[in-house]
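This is structure.cif. It holds mmCIF, C-alpha atoms.
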data_upload
loop_
_atom_site.group_PDB
_atom_site.id
_atom_site.type_symbol
_atom_site.label_atom_id
_atom_site.label_comp_id
_atom_site.auth_asym_id
_atom_site.auth_seq_id
_atom_site.Cartn_x
_atom_site.Cartn_y
_atom_site.Cartn_z
ATOM 1 C CA MET A 17 -1.301 27.850 -146.469
ATOM 2 C CA ARG A 18 -4.547 28.854 -144.718
ATOM 3 C CA ARG A 19 -7.663 26.796 -145.080
ATOM 4 C CA GLY A 20 -10.600 28.877 -143.987
ATOM 5 C CA LYS A 21 -14.223 27.784 -143.953
ATOM 6 C CA ALA A 22 -15.184 31.457 -143.815
ATOM 7 C CA LEU A 23 -14.468 31.686 -147.543
ATOM 8 C CA GLY A 24 -16.340 28.502 -148.336
ATOM 9 C CA GLN A 25 -13.104 26.663 -149.119
ATOM 10 C CA HIS A 26 -13.374 22.919 -149.688
ATOM 11 C CA PHE A 27 -10.347 21.682 -151.594
ATOM 12 C CA LEU A 28 -10.569 18.834 -154.100
ATOM 13 C CA ARG A 29 -7.163 17.211 -154.471
ATOM 14 C CA ASP A 30 -7.889 13.772 -155.924
ATOM 15 C CA PRO A 31 -5.938 13.747 -159.231
ATOM 16 C CA GLY A 32 -8.319 11.269 -160.835
ATOM 17 C CA ILE A 33 -11.390 13.418 -160.185
ATOM 18 C CA LEU A 34 -9.533 16.542 -161.291
ATOM 19 C CA ALA A 35 -8.640 14.799 -164.538
ATOM 20 C CA LYS A 36 -12.335 13.964 -165.074
ATOM 21 C CA ILE A 37 -13.223 17.642 -164.626
ATOM 22 C CA ILE A 38 -10.683 18.629 -167.267
ATOM 23 C CA GLU A 39 -11.993 15.932 -169.595
ATOM 24 C CA ALA A 40 -15.541 17.267 -169.140
ATOM 25 C CA ALA A 41 -14.331 20.782 -170.004
ATOM 26 C CA ASN A 42 -13.397 19.731 -173.567
ATOM 27 C CA LEU A 43 -10.286 21.909 -173.638
ATOM 28 C CA THR A 44 -7.888 22.496 -176.515
ATOM 29 C CA PRO A 45 -4.209 23.559 -176.517
ATOM 30 C CA GLU A 46 -5.237 27.008 -177.816
ATOM 31 C CA ASP A 47 -7.667 27.787 -174.981
ATOM 32 C CA THR A 48 -7.470 30.427 -172.298
ATOM 33 C CA VAL A 49 -9.033 29.150 -169.073
ATOM 34 C CA LEU A 50 -10.333 31.230 -166.215
ATOM 35 C CA GLU A 51 -9.998 29.124 -163.066
ATOM 36 C CA ILE A 52 -11.998 30.484 -160.150
ATOM 37 C CA GLY A 53 -10.896 29.604 -156.628
ATOM 38 C CA PRO A 54 -7.818 27.493 -157.446
ATOM 39 C CA GLY A 55 -7.078 26.855 -153.759
ATOM 40 C CA PRO A 56 -3.761 24.999 -153.413
ATOM 41 C CA GLY A 57 -3.426 24.664 -157.198
ATOM 42 C CA ASP A 58 -3.932 20.968 -157.902
ATOM 43 C CA LEU A 59 -6.403 21.585 -160.737
ATOM 44 C CA THR A 60 -4.228 24.470 -161.939
ATOM 45 C CA ALA A 61 -1.280 22.091 -162.278
ATOM 46 C CA GLN A 62 -3.284 19.832 -164.584
ATOM 47 C CA LEU A 63 -4.783 22.714 -166.558
ATOM 48 C CA ARG A 64 -1.372 24.177 -167.403
ATOM 49 C CA GLU A 65 -0.498 20.976 -169.257
ATOM 50 C CA ARG A 66 -3.585 21.215 -171.479
ATOM 51 C CA VAL A 67 -4.088 24.845 -172.480
ATOM 52 C CA ARG A 68 -2.250 27.922 -173.703
ATOM 53 C CA ARG A 69 -3.049 30.149 -170.734
ATOM 54 C CA VAL A 70 -4.525 29.775 -167.229
ATOM 55 C CA VAL A 71 -5.752 32.814 -165.310
ATOM 56 C CA ALA A 72 -6.338 31.659 -161.737
ATOM 57 C CA VAL A 73 -8.318 34.123 -159.610
ATOM 58 C CA GLU A 74 -8.120 33.545 -155.860
ATOM 59 C CA ILE A 75 -9.371 35.899 -153.140
ATOM 60 C CA ASP A 76 -7.379 34.366 -150.261
ATOM 61 C CA PRO A 77 -4.007 36.155 -149.910
ATOM 62 C CA ALA A 78 -2.334 33.212 -148.168
ATOM 63 C CA LEU A 79 -3.363 30.858 -150.943
ATOM 64 C CA CYS A 80 -2.197 33.371 -153.549
ATOM 65 C CA ALA A 81 1.241 33.452 -151.948
ATOM 66 C CA HIS A 82 1.371 29.658 -152.063
ATOM 67 C CA LEU A 83 0.216 29.593 -155.696
ATOM 68 C CA ARG A 84 2.758 32.176 -156.804
ATOM 69 C CA GLU A 85 5.509 30.118 -155.217
ATOM 70 C CA ARG A 86 4.228 26.869 -156.709
ATOM 71 C CA PHE A 87 3.892 28.260 -160.222
ATOM 72 C CA ALA A 88 6.726 30.789 -160.177
ATOM 73 C CA ALA A 89 8.436 29.229 -163.187
ATOM 74 C CA THR A 90 5.261 28.363 -165.073
ATOM 75 C CA SER A 91 4.619 30.912 -167.793
ATOM 76 C CA PRO A 92 1.117 29.728 -168.831
ATOM 77 C CA VAL A 93 -0.240 30.378 -165.314
ATOM 78 C CA GLU A 94 -1.185 33.842 -164.056
ATOM 79 C CA ILE A 95 -2.164 34.125 -160.395
ATOM 80 C CA VAL A 96 -4.532 36.989 -159.605
ATOM 81 C CA GLN A 97 -5.568 37.945 -156.087
ATOM 82 C CA ALA A 98 -9.058 39.387 -156.523
ATOM 83 C CA ASP A 99 -12.745 39.021 -155.809
ATOM 84 C CA ILE A 100 -14.114 37.262 -158.894
ATOM 85 C CA LEU A 101 -17.338 39.278 -158.628
ATOM 86 C CA GLU A 102 -15.295 42.446 -159.188
ATOM 87 C CA TYR A 103 -12.442 41.207 -161.370
ATOM 88 C CA PRO A 104 -12.671 42.707 -164.916
ATOM 89 C CA LEU A 105 -13.338 39.947 -167.423
ATOM 90 C CA GLU A 106 -13.351 41.948 -170.664
ATOM 91 C CA PRO A 107 -9.517 42.060 -170.993
ATOM 92 C CA LEU A 108 -9.361 38.245 -171.014
ATOM 93 C CA GLY A 109 -10.825 38.085 -174.504
ATOM 94 C CA ARG A 110 -12.361 34.708 -175.282
ATOM 95 C CA PHE A 111 -12.011 32.167 -172.462
ATOM 96 C CA LYS A 112 -13.467 29.002 -170.994
ATOM 97 C CA VAL A 113 -14.325 28.709 -167.315
ATOM 98 C CA VAL A 114 -13.313 25.884 -164.983
ATOM 99 C CA ALA A 115 -14.299 26.424 -161.376
ATOM 100 C CA ASN A 116 -14.909 24.783 -158.029
ATOM 101 C CA ILE A 117 -17.402 27.407 -156.851
ATOM 102 C CA PRO A 118 -18.038 28.045 -153.146
ATOM 103 C CA TYR A 119 -21.688 27.203 -152.535
ATOM 104 C CA TYR A 120 -22.585 30.653 -151.207
ATOM 105 C CA LEU A 121 -21.244 32.279 -154.378
ATOM 106 C CA THR A 122 -22.994 30.106 -156.956
ATOM 107 C CA ALA A 123 -25.922 32.286 -158.066
ATOM 108 C CA PRO A 124 -24.213 35.704 -158.232
ATOM 109 C CA LEU A 125 -21.130 34.276 -159.926
ATOM 110 C CA LEU A 126 -23.089 32.228 -162.416
ATOM 111 C CA PHE A 127 -25.183 35.201 -163.492
ATOM 112 C CA ARG A 128 -22.116 37.435 -163.726
ATOM 113 C CA LEU A 129 -20.427 34.927 -166.014
ATOM 114 C CA LEU A 130 -23.549 34.577 -168.151
ATOM 115 C CA GLY A 131 -23.480 38.346 -168.488
ATOM 116 C CA HIS A 132 -20.167 37.868 -170.330
ATOM 117 C CA ARG A 133 -21.435 34.926 -172.406
ATOM 118 C CA GLY A 134 -20.206 36.547 -175.627
ATOM 119 C CA GLN A 135 -16.662 35.836 -174.432
ATOM 120 C CA ILE A 136 -17.291 32.378 -173.009
ATOM 121 C CA PRO A 137 -17.895 29.270 -175.144
ATOM 122 C CA SER A 138 -18.311 26.968 -172.138
ATOM 123 C CA LEU A 139 -18.294 26.716 -168.358
ATOM 124 C CA THR A 140 -17.360 23.598 -166.404
ATOM 125 C CA LEU A 141 -18.445 24.042 -162.807
ATOM 126 C CA LEU A 142 -18.185 21.968 -159.648
ATOM 127 C CA LEU A 143 -21.298 22.871 -157.663
ATOM 128 C CA GLN A 144 -23.478 21.650 -154.863
ATOM 129 C CA LYS A 145 -25.192 18.556 -156.283
ATOM 130 C CA GLU A 146 -28.672 19.928 -155.652
ATOM 131 C CA VAL A 147 -27.890 23.119 -157.578
ATOM 132 C CA ALA A 148 -26.310 21.222 -160.463
ATOM 133 C CA ARG A 149 -29.432 19.065 -160.754
ATOM 134 C CA ARG A 150 -31.636 22.165 -160.721
ATOM 135 C CA ILE A 151 -29.612 23.729 -163.523
ATOM 136 C CA ALA A 152 -30.029 20.695 -165.767
ATOM 137 C CA ALA A 153 -33.610 19.803 -164.770
ATOM 138 C CA PRO A 154 -36.306 19.428 -167.461
ATOM 139 C CA PRO A 155 -39.819 20.852 -166.991
ATOM 140 C CA GLY A 156 -42.321 18.975 -164.871
ATOM 141 C CA GLY A 157 -40.419 18.189 -161.679
ATOM 142 C CA LYS A 158 -39.652 19.831 -158.362
ATOM 143 C CA GLU A 159 -36.039 20.548 -159.351
ATOM 144 C CA TYR A 160 -37.105 22.635 -162.355
ATOM 145 C CA GLY A 161 -37.359 26.316 -161.504
ATOM 146 C CA ALA A 162 -36.291 29.858 -162.314
ATOM 147 C CA LEU A 163 -32.605 28.906 -162.170
ATOM 148 C CA SER A 164 -33.193 26.074 -164.661
ATOM 149 C CA VAL A 165 -34.922 28.417 -167.107
ATOM 150 C CA ALA A 166 -32.352 31.201 -166.735
ATOM 151 C CA VAL A 167 -29.342 28.953 -167.321
ATOM 152 C CA GLN A 168 -30.973 26.901 -170.082
ATOM 153 C CA PHE A 169 -32.059 30.078 -171.866
ATOM 154 C CA TYR A 170 -28.402 30.923 -172.514
ATOM 155 C CA THR A 171 -26.650 27.531 -172.332
ATOM 156 C CA GLU A 172 -27.028 23.825 -172.975
ATOM 157 C CA PRO A 173 -26.258 22.159 -169.624
ATOM 158 C CA ARG A 174 -25.009 18.610 -169.125
ATOM 159 C CA LEU A 175 -24.764 16.986 -165.717
ATOM 160 C CA CYS A 176 -21.469 15.099 -165.879
ATOM 161 C CA PHE A 177 -20.800 13.251 -162.614
ATOM 162 C CA THR A 178 -21.150 13.407 -158.830
ATOM 163 C CA VAL A 179 -18.314 14.059 -156.381
ATOM 164 C CA VAL A 180 -18.958 12.777 -152.872
ATOM 165 C CA ALA A 181 -18.341 15.021 -149.873
ATOM 166 C CA GLY A 182 -15.494 12.842 -148.599
ATOM 167 C CA SER A 183 -13.405 13.746 -151.652
ATOM 168 C CA PHE A 184 -12.885 17.272 -150.291
ATOM 169 C CA THR A 185 -10.700 18.706 -147.543
ATOM 170 C CA PRO A 186 -12.436 19.696 -145.342
ATOM 171 C CA PRO A 187 -15.523 17.762 -146.476
ATOM 172 C CA PRO A 188 -18.689 19.814 -147.034
ATOM 173 C CA LYS A 189 -22.004 18.642 -145.601
ATOM 174 C CA VAL A 190 -23.407 17.667 -149.019
ATOM 175 C CA ASP A 191 -22.240 16.018 -152.208
ATOM 176 C CA SER A 192 -21.222 18.011 -155.274
ATOM 177 C CA ALA A 193 -21.544 17.517 -159.017
ATOM 178 C CA VAL A 194 -19.834 18.711 -162.169
ATOM 179 C CA VAL A 195 -21.976 20.431 -164.779
ATOM 180 C CA HIS A 196 -20.765 21.455 -168.237
ATOM 181 C CA LEU A 197 -22.541 24.423 -169.834
ATOM 182 C CA VAL A 198 -22.114 25.081 -173.548
ATOM 183 C CA VAL A 199 -23.054 28.691 -174.233
ATOM 184 C CA ARG A 200 -25.622 29.008 -177.016
ATOM 185 C CA THR A 201 -24.853 31.214 -180.009
ATOM 186 C CA ALA A 202 -28.388 32.605 -179.563
ATOM 187 C CA PRO A 203 -30.877 32.230 -176.693
ATOM 188 C CA ALA A 204 -32.899 29.028 -176.664
ATOM 189 C CA VAL A 205 -36.068 31.026 -177.365
ATOM 190 C CA ALA A 206 -36.367 34.183 -179.463
ATOM 191 C CA VAL A 207 -38.452 36.645 -177.434
ATOM 192 C CA ARG A 208 -39.408 40.268 -178.008
ATOM 193 C CA ASP A 209 -38.238 41.403 -174.559
ATOM 194 C CA GLU A 210 -35.814 39.302 -172.487
ATOM 195 C CA ALA A 211 -36.378 41.389 -169.348
ATOM 196 C CA LEU A 212 -40.116 40.732 -169.582
ATOM 197 C CA PHE A 213 -39.474 37.031 -170.195
ATOM 198 C CA PHE A 214 -37.492 36.768 -166.961
ATOM 199 C CA ARG A 215 -40.017 38.815 -164.971
ATOM 200 C CA ILE A 216 -42.665 36.299 -165.958
ATOM 201 C CA VAL A 217 -40.388 33.361 -165.104
ATOM 202 C CA ARG A 218 -39.623 34.799 -161.660
ATOM 203 C CA ALA A 219 -43.309 35.436 -161.022
ATOM 204 C CA ALA A 220 -44.262 31.918 -162.100
ATOM 205 C CA PHE A 221 -41.826 30.337 -159.653
ATOM 206 C CA GLY A 222 -42.131 32.935 -156.869
ATOM 207 C CA GLN A 223 -44.799 30.871 -155.141
ATOM 208 C CA ARG A 224 -44.774 27.479 -156.796
ATOM 209 C CA ARG A 225 -48.245 26.452 -155.599
ATOM 210 C CA LYS A 226 -49.892 29.387 -157.360
ATOM 211 C CA THR A 227 -51.493 28.912 -160.751
ATOM 212 C CA LEU A 228 -50.062 30.965 -163.593
ATOM 213 C CA ARG A 229 -53.125 33.223 -163.587
ATOM 214 C CA ASN A 230 -52.619 34.129 -159.927
ATOM 215 C CA ALA A 231 -48.838 34.394 -160.241
ATOM 216 C CA LEU A 232 -49.131 36.963 -163.032
ATOM 217 C CA LYS A 233 -51.774 39.152 -161.373
ATOM 218 C CA PRO A 234 -49.224 41.462 -159.656
ATOM 219 C CA LEU A 235 -47.698 42.190 -163.083
ATOM 220 C CA PHE A 236 -50.614 42.477 -165.505
ATOM 221 C CA SER A 237 -54.297 43.286 -165.653
ATOM 222 C CA ASP A 238 -56.828 40.463 -165.643
ATOM 223 C CA GLU A 239 -57.771 41.359 -169.219
ATOM 224 C CA ALA A 240 -54.168 41.167 -170.451
ATOM 225 C CA ILE A 241 -53.657 37.827 -168.724
ATOM 226 C CA ALA A 242 -56.855 36.398 -170.219
ATOM 227 C CA ARG A 243 -55.838 37.542 -173.710
ATOM 228 C CA ALA A 244 -52.389 35.982 -173.352
ATOM 229 C CA PHE A 245 -53.721 32.606 -172.289
ATOM 230 C CA ALA A 246 -56.252 32.643 -175.109
ATOM 231 C CA ALA A 247 -53.571 33.560 -177.667
ATOM 232 C CA THR A 248 -51.091 30.904 -176.543
ATOM 233 C CA GLY A 249 -53.465 28.101 -175.653
ATOM 234 C CA ILE A 250 -51.704 27.733 -172.278
ATOM 235 C CA ALA A 251 -54.170 26.849 -169.526
ATOM 236 C CA PRO A 252 -54.254 29.528 -166.779
ATOM 237 C CA THR A 253 -54.556 26.787 -164.150
ATOM 238 C CA ARG A 254 -51.108 25.386 -164.960
ATOM 239 C CA ARG A 255 -48.127 26.066 -162.711
ATOM 240 C CA GLY A 256 -44.725 27.398 -163.712
ATOM 241 C CA GLU A 257 -42.927 24.090 -163.285
ATOM 242 C CA THR A 258 -44.954 22.593 -166.155
ATOM 243 C CA LEU A 259 -43.933 25.223 -168.730
ATOM 244 C CA SER A 260 -41.070 24.731 -171.165
ATOM 245 C CA LEU A 261 -38.804 27.586 -172.249
ATOM 246 C CA ASP A 262 -40.843 27.819 -175.431
ATOM 247 C CA ASP A 263 -44.067 28.108 -173.385
ATOM 248 C CA PHE A 264 -42.589 30.933 -171.327
ATOM 249 C CA GLY A 265 -41.432 32.649 -174.510
ATOM 250 C CA ARG A 266 -44.874 32.478 -176.116
ATOM 251 C CA LEU A 267 -46.492 33.787 -172.940
ATOM 252 C CA ALA A 268 -44.008 36.667 -172.676
ATOM 253 C CA ASP A 269 -44.561 37.666 -176.298
ATOM 254 C CA ALA A 270 -48.327 37.525 -175.819
ATOM 255 C CA LEU A 271 -48.018 39.890 -172.853
ATOM 256 C CA PHE A 272 -45.561 42.254 -174.541
ATOM 257 C CA GLY A 273 -46.823 45.818 -174.513
ATOM 258 C CA ASP A 274 -49.610 45.244 -171.998
ATOM 259 C CA THR A 275 -49.940 47.508 -168.992
ATOM 260 C CA ALA A 276 -48.739 46.048 -165.727
ATOM 261 C CA GLY A 277 -51.257 45.540 -162.996
ATOM 262 C CA SER A 278 -51.338 47.621 -159.853
#

Representation of the structure as structure tokens:
Amino acid sequence: MRRGKALGQHFLRDPGILAKIIEAANLTPEDTVLEIGPGPGDLTAQLRERVRRVVAVEIDPALCAHLRERFAATSPVEIVQADILEYPLEPLGRFKVVANIPYYLTAPLLFRLLGHRGQIPSLTLLLQKEVARRIAAPPGGKEYGALSVAVQFYTEPRLCFTVVAGSFTPPPKVDSAVVHLVVRTAPAVAVRDEALFFRIVRAAFGQRRKTLRNALKPLFSDEAIARAFAATGIAPTRRGETLSLDDFGRLADALFGDTAGS
């Protein structure tokens, strides 16, 4: 069984911590679970006792061979050798996600999964602690940013517990944390144009020291920006980190239909 740092593999094998992850996932016996990066299969072994079906997607061929041998006689477990960024998710139907995500894969994988949110009631993810805190951060602090807004727009995140680096083999350089994301039945804020909403969010956090007025100048005319601030009552001297999701939604709706700046 190969253990390669090249794939960002840090294996968590402590049965007590794995049991806490499963508890945080709020699983039922009727669930299908997509496990991403099962590694040697210790979490998989606990999942199979709790749910109807486990689809474990692992990119490492050596680990897949080990997993297929370990779970050869276990009908609820399906081992798939694939890149999770390319693996088709539609055929899975409705499923929950439980994953120990390699740090380098966090953002692209998270946004791919949120793109399939209609199929996913919840995601329970073991992430770099700093990223987990950013996901769950409220407005007003340094941890709150574009990632916070994007994830909270579609889910209700809960930071569950920290896992210290020494719990992994090999240990990473930083601690990790488990975050549980309950997918919303509708976005947190009703906006006229979601693409515009996220353009404004990205602009607001692109250079955090900029005021909102200056951050929006590349996107809209000075007149449009002035009208939007007047309509919403949001001060143009504020910075993105001080705005709630509702504030961003009101600003996006106020700017809907205006011509972008040069």

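Here the question is which of A:Pro137, A:Gly53, A:Pro31, A:Pro118 gets nearest to Gln97 of chain A using all atoms listed in the file, and that residue is A:Gly53.
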
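Between atom CA of Ala268 of chain A and atom CA of Leu126 of chain A lies a distance of 23.7 Å.
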
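Each of A:Arg229, A:Arg255, A:Arg29, A:Arg69 was compared to Leu108 of chain A using all atoms listed in the file, and A:Arg69 turns out to be the nearest.
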
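Across the structure, atom CA of Val147 of chain A and atom CA of Asn42 of chain A are spaced 21.8 Å apart.
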
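Those residues returned by the PyMOL selection byres ((chain A and resi 90) around 12) for this file are A:Thr60, A:Ala61, A:Leu63, A:Arg64, A:Glu65, A:Arg68, A:Arg69, A:Val70, A:Val71, A:Leu83, A:Arg84, A:Glu85, A:Arg86, A:Phe87, A:Ala88, A:Ala89, A:Ser91, A:Pro92, A:Val93, A:Glu94, A:Ile95.
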
Print the selection's residues with C-alpha atoms to a file, as a compact mmCIF listing (two decimals), in the frame of the given file.
# COMPACT_ATOMS: atom_id res chain seq x y z
CA THR A 60 -4.23 24.47 -161.94
CA ALA A 61 -1.28 22.09 -162.28
CA LEU A 63 -4.78 22.71 -166.56
CA ARG A 64 -1.37 24.18 -167.40
CA GLU A 65 -0.50 20.98 -169.26
CA ARG A 68 -2.25 27.92 -173.70
CA ARG A 69 -3.05 30.15 -170.73
CA VAL A 70 -4.53 29.78 -167.23
CA VAL A 71 -5.75 32.81 -165.31
CA LEU A 83 0.22 29.59 -155.70
CA ARG A 84 2.76 32.18 -156.80
CA GLU A 85 5.51 30.12 -155.22
CA ARG A 86 4.23 26.87 -156.71
CA PHE A 87 3.89 28.26 -160.22
CA ALA A 88 6.73 30.79 -160.18
CA ALA A 89 8.44 29.23 -163.19
CA SER A 91 4.62 30.91 -167.79
CA PRO A 92 1.12 29.73 -168.83
CA VAL A 93 -0.24 30.38 -165.31
CA GLU A 94 -1.18 33.84 -164.06
CA ILE A 95 -2.16 34.12 -160.40

Determine, for each residue of segment 130-153 of chain A having at least one atom at most 9 Å from an atom of segment 169-181 of chain A, the closest pair of atoms and their separation in Å to one decimal, counting all atoms listed in the file; order by chain and ascending number, as a Markdown table.
| residue | atom | partner | partner_atom | distance |
| --- | --- | --- | --- | --- |
| A:Leu130 | CA | A:Tyr170 | CA | 7.5 |
| A:Arg133 | CA | A:Tyr170 | CA | 8.0 |
| A:Ser138 | CA | A:Thr171 | CA | 8.4 |
| A:Leu142 | CA | A:Val179 | CA | 8.6 |
| A:Lys145 | CA | A:Thr178 | CA | 7.0 |
| A:Ala148 | CA | A:Leu175 | CA | 6.9 |
| A:Arg149 | CA | A:Leu175 | CA | 7.1 |
| A:Ile151 | CA | A:Pro173 | CA | 7.1 |
| A:Ala152 | CA | A:Pro173 | CA | 5.6 |

* Residues selected by the PyMOL selection byres ((chain A and resi 209) around 8), written as a PyMOL selection string -> chain A and resi 207-208+210-213+268-269+272

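Remark: for Gln25 of chain A, the closest of the candidate residues A:Gly57, A:Pro252, A:Gly156, A:Pro188 is A:Pro188 (distances computed over only C-alpha atoms).
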
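Comparing the minimum interatomic distances between Val195 of chain A and each of A:Val67, A:Glu74, A:Ile250, A:Leu143, counting only C-alpha atoms, we find that A:Leu143 sits nearest.
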
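Between atom CA of Thr122 of chain A and atom CA of Thr185 of chain A the separation is 19.2 Å.
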
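Once all atoms listed in the file are considered, the residues situated within 9 Å of the file point (-9.0, 33.7, -154.0) turn out to be Leu23, Ile52, Gly53, Pro54, Gly55, Ala72, Val73, Glu74, Ile75, Asp76, Pro77, Ala78, Leu79, Cys80, Val96, Gln97, Ala98, Asp99 and Ile100 of chain A.
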
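Nearest residue to Phe27 of chain A, choosing from A:Pro107, A:Pro45, A:Gly157, A:Pro186 and counting all atoms listed in the file: A:Pro186.
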